[in-house]
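Engineer: As input, take entry.cif (mmCIF, C-alpha atoms):
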```cif
data_input
loop_
_atom_site.group_PDB
_atom_site.id
_atom_site.type_symbol
_atom_site.label_atom_id
_atom_site.label_comp_id
_atom_site.auth_asym_id
_atom_site.auth_seq_id
_atom_site.Cartn_x
_atom_site.Cartn_y
_atom_site.Cartn_z
ATOM 1 C CA MET E 164 -1.726 -34.028 -26.032
ATOM 2 C CA THR E 165 -0.204 -30.872 -27.463
ATOM 3 C CA ALA E 166 1.014 -27.936 -25.442
ATOM 4 C CA GLY E 167 -0.763 -24.648 -26.043
ATOM 5 C CA PRO E 168 1.003 -21.570 -27.350
ATOM 6 C CA THR E 169 3.584 -20.049 -25.044
ATOM 7 C CA GLU E 170 3.157 -16.534 -23.704
ATOM 8 C CA ALA E 171 5.909 -15.451 -26.097
ATOM 9 C CA ASP E 172 3.906 -16.951 -28.998
ATOM 10 C CA LEU E 173 0.805 -15.118 -27.841
ATOM 11 C CA LEU E 174 2.675 -11.805 -27.682
ATOM 12 C CA GLN E 175 4.099 -12.293 -31.163
ATOM 13 C CA ARG E 176 0.651 -12.999 -32.566
ATOM 14 C CA ALA E 177 -0.809 -10.066 -30.626
ATOM 15 C CA ALA E 178 1.817 -7.805 -32.159
ATOM 16 C CA THR E 179 0.307 -8.577 -35.571
ATOM 17 C CA GLY E 180 -3.087 -7.400 -34.291
ATOM 18 C CA ASP E 181 -4.425 -10.745 -33.096
ATOM 19 C CA ARG E 182 -6.777 -9.648 -30.305
ATOM 20 C CA ALA E 183 -7.704 -13.193 -29.315
ATOM 21 C CA ALA E 184 -4.021 -13.936 -28.684
ATOM 22 C CA PHE E 185 -3.720 -10.831 -26.517
ATOM 23 C CA GLU E 186 -6.840 -11.781 -24.585
ATOM 24 C CA ALA E 187 -5.328 -15.200 -23.900
ATOM 25 C CA PHE E 188 -2.138 -13.473 -22.772
ATOM 26 C CA VAL E 189 -4.176 -11.213 -20.467
ATOM 27 C CA ARG E 190 -6.051 -14.142 -18.946
ATOM 28 C CA SER E 191 -2.795 -15.975 -18.357
ATOM 29 C CA THR E 192 -0.856 -13.108 -16.794
ATOM 30 C CA ALA E 193 -3.419 -10.789 -15.166
ATOM 31 C CA PRO E 194 -3.559 -12.683 -11.829
ATOM 32 C CA SER E 195 0.178 -12.359 -11.253
ATOM 33 C CA VAL E 196 0.243 -8.728 -12.409
ATOM 34 C CA TRP E 197 -2.604 -8.088 -9.989
ATOM 35 C CA THR E 198 -0.618 -9.637 -7.150
ATOM 36 C CA LEU E 199 2.376 -7.462 -7.994
ATOM 37 C CA ILE E 200 0.270 -4.294 -8.077
ATOM 38 C CA ARG E 201 -2.056 -5.146 -5.214
ATOM 39 C CA ARG E 202 0.903 -5.590 -2.873
ATOM 40 C CA SER E 203 1.568 -1.903 -3.408
ATOM 41 C CA THR E 204 -1.811 -0.637 -2.311
ATOM 42 C CA ALA E 205 -4.508 -1.731 0.053
ATOM 43 C CA CYS E 206 -7.060 -0.086 -2.250
ATOM 44 C CA ASP E 207 -8.799 -2.369 -4.761
ATOM 45 C CA SER E 208 -9.972 0.482 -6.990
ATOM 46 C CA MET E 209 -6.452 1.890 -7.325
ATOM 47 C CA ALA E 210 -5.050 -1.559 -8.036
ATOM 48 C CA GLU E 211 -7.652 -2.164 -10.717
ATOM 49 C CA GLU E 212 -6.926 1.191 -12.325
ATOM 50 C CA ALA E 213 -3.218 0.350 -12.450
ATOM 51 C CA LEU E 214 -4.007 -3.134 -13.790
ATOM 52 C CA GLN E 215 -6.034 -1.677 -16.655
ATOM 53 C CA GLU E 216 -3.384 0.932 -17.450
ATOM 54 C CA THR E 217 -0.746 -1.813 -17.490
ATOM 55 C CA PHE E 218 -2.483 -3.912 -20.122
ATOM 56 C CA VAL E 219 -3.544 -0.908 -22.190
ATOM 57 C CA ALA E 220 0.106 0.245 -22.205
ATOM 58 C CA ALA E 221 1.231 -3.290 -23.045
ATOM 59 C CA TRP E 222 -1.219 -3.480 -25.974
ATOM 60 C CA ARG E 223 -0.116 -0.093 -27.268
ATOM 61 C CA GLY E 224 3.541 -0.968 -26.798
ATOM 62 C CA LEU E 225 3.580 -4.455 -28.297
ATOM 63 C CA ASP E 226 5.830 -3.316 -31.130
ATOM 64 C CA ARG E 227 8.460 -2.385 -28.531
ATOM 65 C CA TYR E 228 8.661 -5.899 -27.129
ATOM 66 C CA ARG E 229 11.802 -7.353 -28.696
ATOM 67 C CA GLY E 230 11.798 -10.731 -27.039
ATOM 68 C CA GLU E 231 15.041 -10.040 -25.177
ATOM 69 C CA ALA E 232 13.314 -10.383 -21.809
ATOM 70 C CA SER E 233 10.666 -12.976 -20.999
ATOM 71 C CA PRO E 234 7.100 -11.796 -21.669
ATOM 72 C CA ARG E 235 6.421 -11.658 -17.947
ATOM 73 C CA ALA E 236 9.594 -9.721 -17.156
ATOM 74 C CA TRP E 237 8.617 -7.188 -19.809
ATOM 75 C CA LEU E 238 5.030 -7.029 -18.563
ATOM 76 C CA TYR E 239 6.100 -6.604 -14.925
ATOM 77 C CA GLY E 240 8.283 -3.678 -15.983
ATOM 78 C CA VAL E 241 5.266 -2.100 -17.669
ATOM 79 C CA ALA E 242 3.186 -2.793 -14.539
ATOM 80 C CA ARG E 243 5.684 -1.139 -12.229
ATOM 81 C CA ASN E 244 5.755 1.989 -14.400
ATOM 82 C CA GLN E 245 1.992 2.181 -14.720
ATOM 83 C CA ALA E 246 1.424 1.572 -11.015
ATOM 84 C CA ALA E 247 3.860 4.358 -10.131
ATOM 85 C CA ARG E 248 1.997 6.700 -12.513
ATOM 86 C CA THR E 249 -1.334 5.782 -10.967
ATOM 87 C CA TRP E 250 -0.081 6.339 -7.432
ATOM 88 C CA ARG E 251 1.379 9.720 -8.406
ATOM 89 C CA ARG E 252 -1.795 10.817 -10.137
ATOM 90 C CA ARG E 253 -3.862 9.867 -7.093
ATOM 91 C CA ALA E 254 -1.442 11.227 -4.523
ATOM 92 C CA GLY E 255 -2.162 14.846 -5.361
ATOM 93 C CA GLU E 256 -0.182 17.634 -3.824
ATOM 94 C CA PRO E 257 2.229 16.694 -1.072
ATOM 95 C CA THR E 258 1.062 17.899 2.309
ATOM 96 C CA PHE E 259 3.647 18.817 4.876
ATOM 97 C CA THR E 260 2.648 18.609 8.474
ATOM 98 C CA GLU E 261 4.613 19.961 11.346
ATOM 99 C CA SER E 262 3.094 17.673 13.907
ATOM 100 C CA ILE E 263 0.725 14.785 14.196
ATOM 101 C CA ASP E 264 -2.623 15.936 15.440
ATOM 102 C CA GLU E 265 -2.909 14.824 19.023
ATOM 103 C CA HIS E 266 -6.584 14.074 18.450
ATOM 104 C CA LEU E 267 -5.556 11.458 15.910
ATOM 105 C CA GLY E 268 -3.560 9.685 18.587
ATOM 106 C CA LEU E 269 -6.398 9.978 21.084
ATOM 107 C CA ALA E 270 -8.854 8.519 18.572
ATOM 108 C CA ALA E 271 -6.422 5.643 18.058
ATOM 109 C CA GLY E 272 -6.495 4.858 21.774
ATOM 110 C CA TRP E 273 -3.446 6.775 22.934
ATOM 111 C CA GLY E 274 -3.880 7.252 26.657
ATOM 112 C CA SER E 275 -6.952 5.085 26.953
ATOM 113 C CA ASP E 276 -7.426 1.630 25.440
ATOM 114 C CA PRO E 277 -4.915 0.974 22.625
ATOM 115 C CA GLU E 278 -5.256 -2.764 23.261
ATOM 116 C CA VAL E 279 -8.679 -2.718 21.561
ATOM 117 C CA ALA E 280 -7.273 -1.575 18.226
ATOM 118 C CA ALA E 281 -4.352 -4.007 18.374
ATOM 119 C CA SER E 282 -6.559 -6.982 19.199
ATOM 120 C CA ARG E 283 -8.932 -6.218 16.344
ATOM 121 C CA ALA E 284 -6.000 -5.711 13.978
ATOM 122 C CA GLU E 285 -4.965 -9.276 14.686
ATOM 123 C CA ASP E 286 -8.316 -10.495 13.387
ATOM 124 C CA ARG E 287 -7.902 -10.514 9.608
ATOM 125 C CA ARG E 288 -11.596 -9.821 8.935
ATOM 126 C CA HIS E 289 -11.569 -6.736 11.117
ATOM 127 C CA LEU E 290 -8.322 -5.493 9.670
ATOM 128 C CA GLU E 291 -9.426 -5.868 6.043
ATOM 129 C CA ALA E 292 -12.759 -4.203 6.803
ATOM 130 C CA ALA E 293 -11.044 -1.328 8.582
ATOM 131 C CA LEU E 294 -8.599 -0.798 5.715
ATOM 132 C CA LYS E 295 -11.485 -0.383 3.285
ATOM 133 C CA LYS E 296 -12.869 2.443 5.415
ATOM 134 C CA LEU E 297 -9.732 4.547 4.999
ATOM 135 C CA SER E 298 -9.206 7.131 2.260
ATOM 136 C CA ASP E 299 -7.473 6.066 -0.953
ATOM 137 C CA ASN E 300 -4.358 7.999 0.097
ATOM 138 C CA ASP E 301 -4.202 6.205 3.427
ATOM 139 C CA GLN E 302 -4.738 2.799 1.805
ATOM 140 C CA GLU E 303 -2.080 3.607 -0.752
ATOM 141 C CA ILE E 304 0.671 4.502 1.720
ATOM 142 C CA LEU E 305 -0.173 1.533 3.954
ATOM 143 C CA GLY E 306 -0.117 -0.705 0.894
ATOM 144 C CA LEU E 307 3.267 0.499 -0.232
ATOM 145 C CA CYS E 308 4.944 0.460 3.161
ATOM 146 C CA ASP E 309 3.196 -2.134 5.300
ATOM 147 C CA LEU E 310 1.777 -4.577 2.756
ATOM 148 C CA ARG E 311 4.586 -4.406 0.206
ATOM 149 C CA GLY E 312 7.305 -3.644 2.716
ATOM 150 C CA LEU E 313 8.832 -0.512 1.199
ATOM 151 C CA ALA E 314 10.569 2.061 3.363
ATOM 152 C CA ALA E 315 8.799 5.410 3.592
ATOM 153 C CA THR E 316 11.645 6.947 1.570
ATOM 154 C CA GLU E 317 11.042 4.451 -1.252
ATOM 155 C CA ALA E 318 7.311 5.138 -1.131
ATOM 156 C CA ALA E 319 8.104 8.855 -1.308
ATOM 157 C CA ASP E 320 9.939 8.309 -4.613
ATOM 158 C CA ILE E 321 6.994 6.414 -6.065
ATOM 159 C CA LEU E 322 4.438 8.957 -4.910
ATOM 160 C CA GLY E 323 6.472 12.043 -5.755
ATOM 161 C CA LEU E 324 6.464 13.183 -2.122
ATOM 162 C CA GLN E 325 9.197 14.491 0.113
ATOM 163 C CA PRO E 326 10.446 11.714 2.447
ATOM 164 C CA THR E 327 9.172 13.522 5.533
ATOM 165 C CA ALA E 328 5.726 13.993 3.992
ATOM 166 C CA ALA E 329 5.560 10.279 3.153
ATOM 167 C CA ARG E 330 6.597 9.350 6.684
ATOM 168 C CA VAL E 331 3.998 11.618 8.229
ATOM 169 C CA ARG E 332 1.339 10.312 5.865
ATOM 170 C CA LEU E 333 2.204 6.728 6.799
ATOM 171 C CA HIS E 334 2.164 7.417 10.526
ATOM 172 C CA ARG E 335 -1.166 9.231 10.304
ATOM 173 C CA ALA E 336 -2.665 6.466 8.171
ATOM 174 C CA ARG E 337 -1.700 3.902 10.806
ATOM 175 C CA LEU E 338 -3.253 6.032 13.536
ATOM 176 C CA ARG E 339 -6.437 6.454 11.509
ATOM 177 C CA LEU E 340 -6.508 2.702 10.960
ATOM 178 C CA MET E 341 -6.222 2.128 14.701
ATOM 179 C CA ALA E 342 -9.029 4.634 15.273
ATOM 180 C CA VAL E 343 -11.287 2.788 12.820
ATOM 181 C CA LEU E 344 -10.410 -0.532 14.440
ATOM 182 C CA ARG E 345 -11.086 0.836 17.881
ATOM 183 C CA LYS E 346 -14.488 2.165 16.897
ATOM 184 C CA GLY E 347 -15.382 -0.810 14.778
ATOM 185 C CA GLY E 348 -16.939 -3.315 17.166
ATOM 186 C CA THR E 349 -17.329 -6.768 15.716
ATOM 187 C CA HIS E 350 -18.047 -5.468 12.229
ATOM 188 C CA ALA E 351 -15.456 -2.775 11.647
ATOM 189 C CA MET T 202 5.140 10.798 35.522
ATOM 190 C CA PRO T 203 8.140 10.446 33.261
ATOM 191 C CA ASP T 204 10.921 12.796 34.094
ATOM 192 C CA ASP T 205 12.905 13.289 30.882
ATOM 193 C CA THR T 206 13.182 15.752 28.069
ATOM 194 C CA LEU T 207 10.504 14.285 25.811
ATOM 195 C CA THR T 208 6.785 14.783 26.190
ATOM 196 C CA CYS T 209 4.225 12.098 25.422
ATOM 197 C CA GLN T 210 3.251 14.103 22.330
ATOM 198 C CA GLU T 211 6.838 14.037 21.081
ATOM 199 C CA VAL T 212 7.042 10.303 21.636
ATOM 200 C CA LEU T 213 3.807 9.830 19.721
ATOM 201 C CA LEU T 214 5.397 11.653 16.793
ATOM 202 C CA ASP T 215 8.395 9.336 16.848
ATOM 203 C CA LEU T 216 6.576 6.025 17.309
ATOM 204 C CA ASP T 217 6.932 4.954 13.691
ATOM 205 C CA ARG T 218 10.691 5.412 13.668
ATOM 206 C CA TYR T 219 10.902 3.855 17.118
ATOM 207 C CA ILE T 220 9.281 0.567 16.107
ATOM 208 C CA GLU T 221 11.172 0.506 12.808
ATOM 209 C CA GLY T 222 14.520 1.106 14.487
ATOM 210 C CA THR T 223 15.306 4.184 12.401
ATOM 211 C CA LEU T 224 15.603 6.779 15.152
ATOM 212 C CA PRO T 225 19.008 8.423 15.519
ATOM 213 C CA PRO T 226 20.768 6.913 18.573
ATOM 214 C CA ALA T 227 20.542 10.005 20.745
ATOM 215 C CA ARG T 228 16.826 10.366 20.040
ATOM 216 C CA LEU T 229 16.301 6.662 20.576
ATOM 217 C CA ASP T 230 17.810 6.905 24.049
ATOM 218 C CA LEU T 231 15.337 9.643 24.931
ATOM 219 C CA VAL T 232 12.355 7.726 23.592
ATOM 220 C CA VAL T 233 13.406 4.529 25.368
ATOM 221 C CA ALA T 234 13.836 6.422 28.621
ATOM 222 C CA HIS T 235 10.397 7.966 28.244
ATOM 223 C CA VAL T 236 8.623 4.734 27.320
ATOM 224 C CA ARG T 237 10.248 2.913 30.239
ATOM 225 C CA ASP T 238 8.682 5.346 32.675
ATOM 226 C CA CYS T 239 5.406 6.108 30.917
ATOM 227 C CA PRO T 240 2.800 3.304 30.901
ATOM 228 C CA ARG T 241 0.573 5.265 28.546
ATOM 229 C CA CYS T 242 3.199 5.551 25.816
ATOM 230 C CA ALA T 243 4.460 2.009 26.442
ATOM 231 C CA ALA T 244 0.969 0.577 25.984
ATOM 232 C CA PHE T 245 0.266 2.654 22.921
ATOM 233 C CA GLY T 246 3.644 1.841 21.366
ATOM 234 C CA GLU T 247 2.995 -1.856 21.829
ATOM 235 C CA ALA T 248 -0.479 -1.592 20.286
ATOM 236 C CA TYR T 249 0.894 0.435 17.369
ATOM 237 C CA ALA T 250 3.610 -2.158 16.732
ATOM 238 C CA ARG T 251 1.102 -5.023 16.895
ATOM 239 C CA THR T 252 -1.163 -3.245 14.401
ATOM 240 C CA VAL T 253 1.716 -2.761 11.962
ATOM 241 C CA THR T 254 2.791 -6.391 12.381
ATOM 242 C CA ALA T 255 -0.767 -7.547 11.619
ATOM 243 C CA LEU T 256 -0.875 -5.333 8.528
ATOM 244 C CA ARG T 257 2.388 -6.770 7.266
ATOM 245 C CA ALA T 258 1.044 -10.298 7.657
ATOM 246 C CA LEU T 259 -2.045 -9.690 5.506
ATOM 247 C CA PRO T 260 -2.097 -11.857 2.374
ATOM 248 C CA THR T 261 -2.628 -10.287 -1.038
ATOM 249 C CA PRO T 262 -6.210 -10.797 -2.204
ATOM 250 C CA ASP T 263 -6.868 -12.647 -5.470
ATOM 251 C CA LEU T 264 -7.784 -10.854 -8.674
ATOM 252 C CA PRO T 265 -11.581 -10.488 -8.696
ATOM 253 C CA ALA T 266 -13.255 -12.117 -11.729
ATOM 254 C CA THR T 267 -15.185 -8.910 -12.361
ATOM 255 C CA ALA T 268 -11.902 -7.004 -12.673
ATOM 256 C CA THR T 269 -10.790 -9.326 -15.474
ATOM 257 C CA THR T 270 -14.096 -8.741 -17.269
ATOM 258 C CA ARG T 271 -13.737 -4.963 -16.946
ATOM 259 C CA LEU T 272 -10.129 -5.155 -18.115
ATOM 260 C CA LEU T 273 -11.077 -7.080 -21.246
ATOM 261 C CA GLU T 274 -13.909 -4.618 -21.945
ATOM 262 C CA ARG T 275 -11.492 -1.739 -21.609
ATOM 263 C CA LEU T 276 -9.021 -3.409 -23.964
ATOM 264 C CA SER T 277 -11.771 -4.024 -26.525
ATOM 265 C CA GLU T 278 -12.152 -0.243 -26.786
ATOM 266 C CA GLU T 279 -8.515 0.136 -27.811
ATOM 267 C CA PRO T 280 -7.939 0.660 -31.548
#
```
Write out the structure in this file as structure tokens.
Structural biologist:
Amino acid sequence: MTAGPTEADLLQRAATGDRAAFEAFVRSTAPSVWTLIRRSTACDSMAEEALQETFVAAWRGLDRYRGEASPRAWLYGVARNQAARTWRRRAGEPTFTESIDEHLGLAAGWGSDPEVAASRAEDRRHLEAALKKLSDNDQEILGLCDLRGLAATEAADILGLQPTAARVRLHRARLRLMAVLRKGGTHA
Amino acid sequence: MPDDTLTCQEVLLDLDRYIEGTLPPARLDLVVAHVRDCPRCAAFGEAYARTVTALRALPTPDLPATATTRLLERLSEEP
């Protein structure tokens, strides 16, 4: 039994224009690139956009791969750059807010029944369904901070926002998520 | 009713930094004092924290097969 070509072999062949080699490289690495990107956003469409931009940039930049880093290390660097570009492009203009809208808190159960939202959040099906109902911007900030674990200040750098704007966006997104959960019933 | 210098609205604004432990100490003291005496904010703060904890525990979904197909189609358009 012979081992197949390594990812480094595939990249070298791709650099000479071998599309089949690049396709094999894509099939081998796309799942892990997806995981890297998808941890940064709760939004599938944004993650897929960043995934596509990553491999298009990799294809266009094959001549810049020198083999000093492993193929995956190089590819993950490309993915991080492309994901950051995608988030920035989608983020739009930063919006400063002086205060959180009290109605947002009330919709989330502030002062009435916050337990409902929390209980549904602890059911993975409800939580995933509720996330999908949020805007792309809300999914993005929750993905960066709560799914990937970045601080709001780090997310602000990625999104090109002021730290306070990122913090407010995150807090509001969580409140909107709680509101969706609270309203959602058994099929949020 | 809580008898301190923060309103419920002000505590709501600070909930994120409260659960993340990033409030400045003086502000933290005020929020803690308020939450201790205000069942409404205590209950909401707990629910907020539980929601964030649940979010952080979500696994990353797998790459959909259709996304791979679309990616390869997109790459086939590249010169």
Engineer: Residues of chain E were defined as contacting chain T if any atom lay at most 9 Å from it, counting all atoms listed in the file; please report them as a VMD selection string.
Structural biologist: chain E and resid 182 186 189 to 190 193 to 195 197 to 198 201 to 202 205 211 214 to 215 218 to 219 222 to 223 262 to 263 265 268 271 to 287 290 to 291 305 to 306 308 to 312 330 to 331 333 to 334 337 to 338 340 to 341
Engineer: How many Å separate CA of Gly323 (chain E) from CA of Ser203 (chain E)?
Structural biologist: 15.0 Å
Engineer: Could you jot down the CA of Leu322 (chain E) to CA of Glu303 (chain E) separation for me, Å, one decimal place?
Structural biologist: 9.4 Å
Engineer: As a check of understanding, name the residues that the PyMOL selection byres ((chain E and resi 237) around 12) selects in the supplied structure, as a list of chain:residue names.
Structural biologist: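 For this structure, the PyMOL selection byres ((chain E and resi 237) around 12) resolves to E:Glu170, E:Ala171, E:Leu174, E:Thr192, E:Val196, E:Thr217, E:Phe218, E:Ala220, E:Ala221, E:Gly224, E:Leu225, E:Arg227, E:Tyr228, E:Arg229, E:Gly230, E:Glu231, E:Ala232, E:Ser233, E:Pro234, E:Arg235, E:Ala236, E:Leu238, E:Tyr239, E:Gly240, E:Val241, E:Ala242, E:Arg243, E:Asn244.
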Engineer: One decimal, in Å: what's the spacing between CA of Ala293 (chain E) and CA of Cys239 (chain T)?
Structural biologist: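 Separating CA of Ala293 (chain E) from CA of Cys239 (chain T) is a distance of 28.7 Å.
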Engineer: Might I get the box with edges along x, y and z of the file that holds all atoms of region 171-181 of chain E listed there, padded by 8 Å on every side, given as centre and edge lengths in Å to one decimal, as AutoDock Vina command-line options?
Structural biologist:
```
--center_x 0.7 --center_y -12.2 --center_z -30.8 --size_x 26.3 --size_y 25.6 --size_z 25.5
```
Engineer: Here's the selection I'm unsure about, the PyMOL selection byres ((chain T and resi 231) around 12); applied to the file above, which residues does it give, as a count of residues only?
Structural biologist: 25
Engineer: Since the input lacks atoms, please generate all heavy atoms for region 325-335 of chain E and provide them as a PDB file, in the frame of the given file.
Structural biologist:
```pdb
ATOM      1  N   GLN E 325       7.973  14.369  -0.676  1.00  0.00           N
ATOM      2  CA  GLN E 325       9.197  14.491   0.113  1.00  0.00           C
ATOM      3  C   GLN E 325       9.208  13.343   1.133  1.00  0.00           C
ATOM      4  O   GLN E 325       8.141  12.932   1.610  1.00  0.00           O
ATOM      5  CB  GLN E 325       9.224  15.828   0.857  1.00  0.00           C
ATOM      6  CG  GLN E 325       9.344  17.031  -0.054  1.00  0.00           C
ATOM      7  CD  GLN E 325      10.679  17.050  -0.791  1.00  0.00           C
ATOM      8  OE1 GLN E 325      11.702  16.687  -0.241  1.00  0.00           O
ATOM      9  NE2 GLN E 325      10.644  17.450  -2.060  1.00  0.00           N
ATOM     10  N   PRO E 326      10.394  12.830   1.491  1.00  0.00           N
ATOM     11  CA  PRO E 326      10.446  11.714   2.447  1.00  0.00           C
ATOM     12  C   PRO E 326       9.711  11.992   3.756  1.00  0.00           C
ATOM     13  O   PRO E 326       9.005  11.127   4.274  1.00  0.00           O
ATOM     14  CB  PRO E 326      11.947  11.526   2.684  1.00  0.00           C
ATOM     15  CG  PRO E 326      12.581  12.017   1.425  1.00  0.00           C
ATOM     16  CD  PRO E 326      11.720  13.165   0.955  1.00  0.00           C
ATOM     17  N   THR E 327       9.853  13.210   4.273  1.00  0.00           N
ATOM     18  CA  THR E 327       9.172  13.522   5.533  1.00  0.00           C
ATOM     19  C   THR E 327       7.654  13.484   5.362  1.00  0.00           C
ATOM     20  O   THR E 327       6.927  12.995   6.236  1.00  0.00           O
ATOM     21  CB  THR E 327       9.597  14.919   6.046  1.00  0.00           C
ATOM     22  OG1 THR E 327      11.012  14.910   6.219  1.00  0.00           O
ATOM     23  CG2 THR E 327       8.934  15.246   7.372  1.00  0.00           C
ATOM     24  N   ALA E 328       7.178  13.991   4.227  1.00  0.00           N
ATOM     25  CA  ALA E 328       5.726  13.993   3.992  1.00  0.00           C
ATOM     26  C   ALA E 328       5.202  12.562   3.903  1.00  0.00           C
ATOM     27  O   ALA E 328       4.131  12.251   4.416  1.00  0.00           O
ATOM     28  CB  ALA E 328       5.410  14.759   2.714  1.00  0.00           C
ATOM     29  N   ALA E 329       5.983  11.680   3.269  1.00  0.00           N
ATOM     30  CA  ALA E 329       5.560  10.279   3.153  1.00  0.00           C
ATOM     31  C   ALA E 329       5.527   9.622   4.537  1.00  0.00           C
ATOM     32  O   ALA E 329       4.623   8.865   4.868  1.00  0.00           O
ATOM     33  CB  ALA E 329       6.494   9.516   2.224  1.00  0.00           C
ATOM     34  N   ARG E 330       6.527   9.935   5.340  1.00  0.00           N
ATOM     35  CA  ARG E 330       6.597   9.350   6.684  1.00  0.00           C
ATOM     36  C   ARG E 330       5.409   9.803   7.539  1.00  0.00           C
ATOM     37  O   ARG E 330       4.770   9.005   8.220  1.00  0.00           O
ATOM     38  CB  ARG E 330       7.903   9.797   7.351  1.00  0.00           C
ATOM     39  CG  ARG E 330       8.399   8.850   8.408  1.00  0.00           C
ATOM     40  CD  ARG E 330       9.367   9.524   9.355  1.00  0.00           C
ATOM     41  NE  ARG E 330       8.737   9.622  10.665  1.00  0.00           N
ATOM     42  CZ  ARG E 330       8.956  10.593  11.529  1.00  0.00           C
ATOM     43  NH1 ARG E 330       9.769  11.591  11.244  1.00  0.00           N
ATOM     44  NH2 ARG E 330       8.354  10.586  12.698  1.00  0.00           N
ATOM     45  N   VAL E 331       5.126  11.088   7.454  1.00  0.00           N
ATOM     46  CA  VAL E 331       3.998  11.618   8.229  1.00  0.00           C
ATOM     47  C   VAL E 331       2.687  11.014   7.734  1.00  0.00           C
ATOM     48  O   VAL E 331       1.819  10.622   8.527  1.00  0.00           O
ATOM     49  CB  VAL E 331       3.956  13.163   8.137  1.00  0.00           C
ATOM     50  CG1 VAL E 331       2.651  13.710   8.697  1.00  0.00           C
ATOM     51  CG2 VAL E 331       5.147  13.758   8.870  1.00  0.00           C
ATOM     52  N   ARG E 332       2.567  10.894   6.420  1.00  0.00           N
ATOM     53  CA  ARG E 332       1.339  10.312   5.865  1.00  0.00           C
ATOM     54  C   ARG E 332       1.165   8.862   6.345  1.00  0.00           C
ATOM     55  O   ARG E 332       0.076   8.443   6.691  1.00  0.00           O
ATOM     56  CB  ARG E 332       1.375  10.370   4.335  1.00  0.00           C
ATOM     57  CG  ARG E 332       0.087   9.878   3.714  1.00  0.00           C
ATOM     58  CD  ARG E 332       0.083   9.979   2.220  1.00  0.00           C
ATOM     59  NE  ARG E 332       0.002  11.358   1.760  1.00  0.00           N
ATOM     60  CZ  ARG E 332      -0.186  11.704   0.489  1.00  0.00           C
ATOM     61  NH1 ARG E 332      -0.307  10.774  -0.439  1.00  0.00           N
ATOM     62  NH2 ARG E 332      -0.257  12.967   0.136  1.00  0.00           N
ATOM     63  N   LEU E 333       2.261   8.128   6.358  1.00  0.00           N
ATOM     64  CA  LEU E 333       2.204   6.728   6.799  1.00  0.00           C
ATOM     65  C   LEU E 333       1.795   6.641   8.270  1.00  0.00           C
ATOM     66  O   LEU E 333       0.918   5.858   8.647  1.00  0.00           O
ATOM     67  CB  LEU E 333       3.568   6.057   6.580  1.00  0.00           C
ATOM     68  CG  LEU E 333       3.724   4.647   7.147  1.00  0.00           C
ATOM     69  CD1 LEU E 333       2.757   3.680   6.470  1.00  0.00           C
ATOM     70  CD2 LEU E 333       5.168   4.158   6.969  1.00  0.00           C
ATOM     71  N   HIS E 334       2.435   7.452   9.088  1.00  0.00           N
ATOM     72  CA  HIS E 334       2.164   7.417  10.526  1.00  0.00           C
ATOM     73  C   HIS E 334       0.706   7.784  10.796  1.00  0.00           C
ATOM     74  O   HIS E 334       0.006   7.128  11.568  1.00  0.00           O
ATOM     75  CB  HIS E 334       3.116   8.380  11.224  1.00  0.00           C
ATOM     76  CG  HIS E 334       3.145   8.258  12.721  1.00  0.00           C
ATOM     77  ND1 HIS E 334       2.912   7.085  13.385  1.00  0.00           N
ATOM     78  CD2 HIS E 334       3.380   9.192  13.684  1.00  0.00           C
ATOM     79  CE1 HIS E 334       3.008   7.289  14.698  1.00  0.00           C
ATOM     80  NE2 HIS E 334       3.282   8.566  14.895  1.00  0.00           N
ATOM     81  N   ARG E 335       0.229   8.811  10.121  1.00  0.00           N
ATOM     82  CA  ARG E 335      -1.166   9.231  10.304  1.00  0.00           C
ATOM     83  C   ARG E 335      -2.128   8.157   9.815  1.00  0.00           C
ATOM     84  O   ARG E 335      -3.176   7.930  10.419  1.00  0.00           O
ATOM     85  CB  ARG E 335      -1.434  10.532   9.558  1.00  0.00           C
ATOM     86  CG  ARG E 335      -0.809  11.719  10.230  1.00  0.00           C
ATOM     87  CD  ARG E 335      -1.269  13.010   9.606  1.00  0.00           C
ATOM     88  NE  ARG E 335      -1.326  14.048  10.621  1.00  0.00           N
ATOM     89  CZ  ARG E 335      -1.981  15.178  10.483  1.00  0.00           C
ATOM     90  NH1 ARG E 335      -2.651  15.418   9.378  1.00  0.00           N
ATOM     91  NH2 ARG E 335      -1.978  16.066  11.443  1.00  0.00           N
TER      92      ARG E 335
END
```
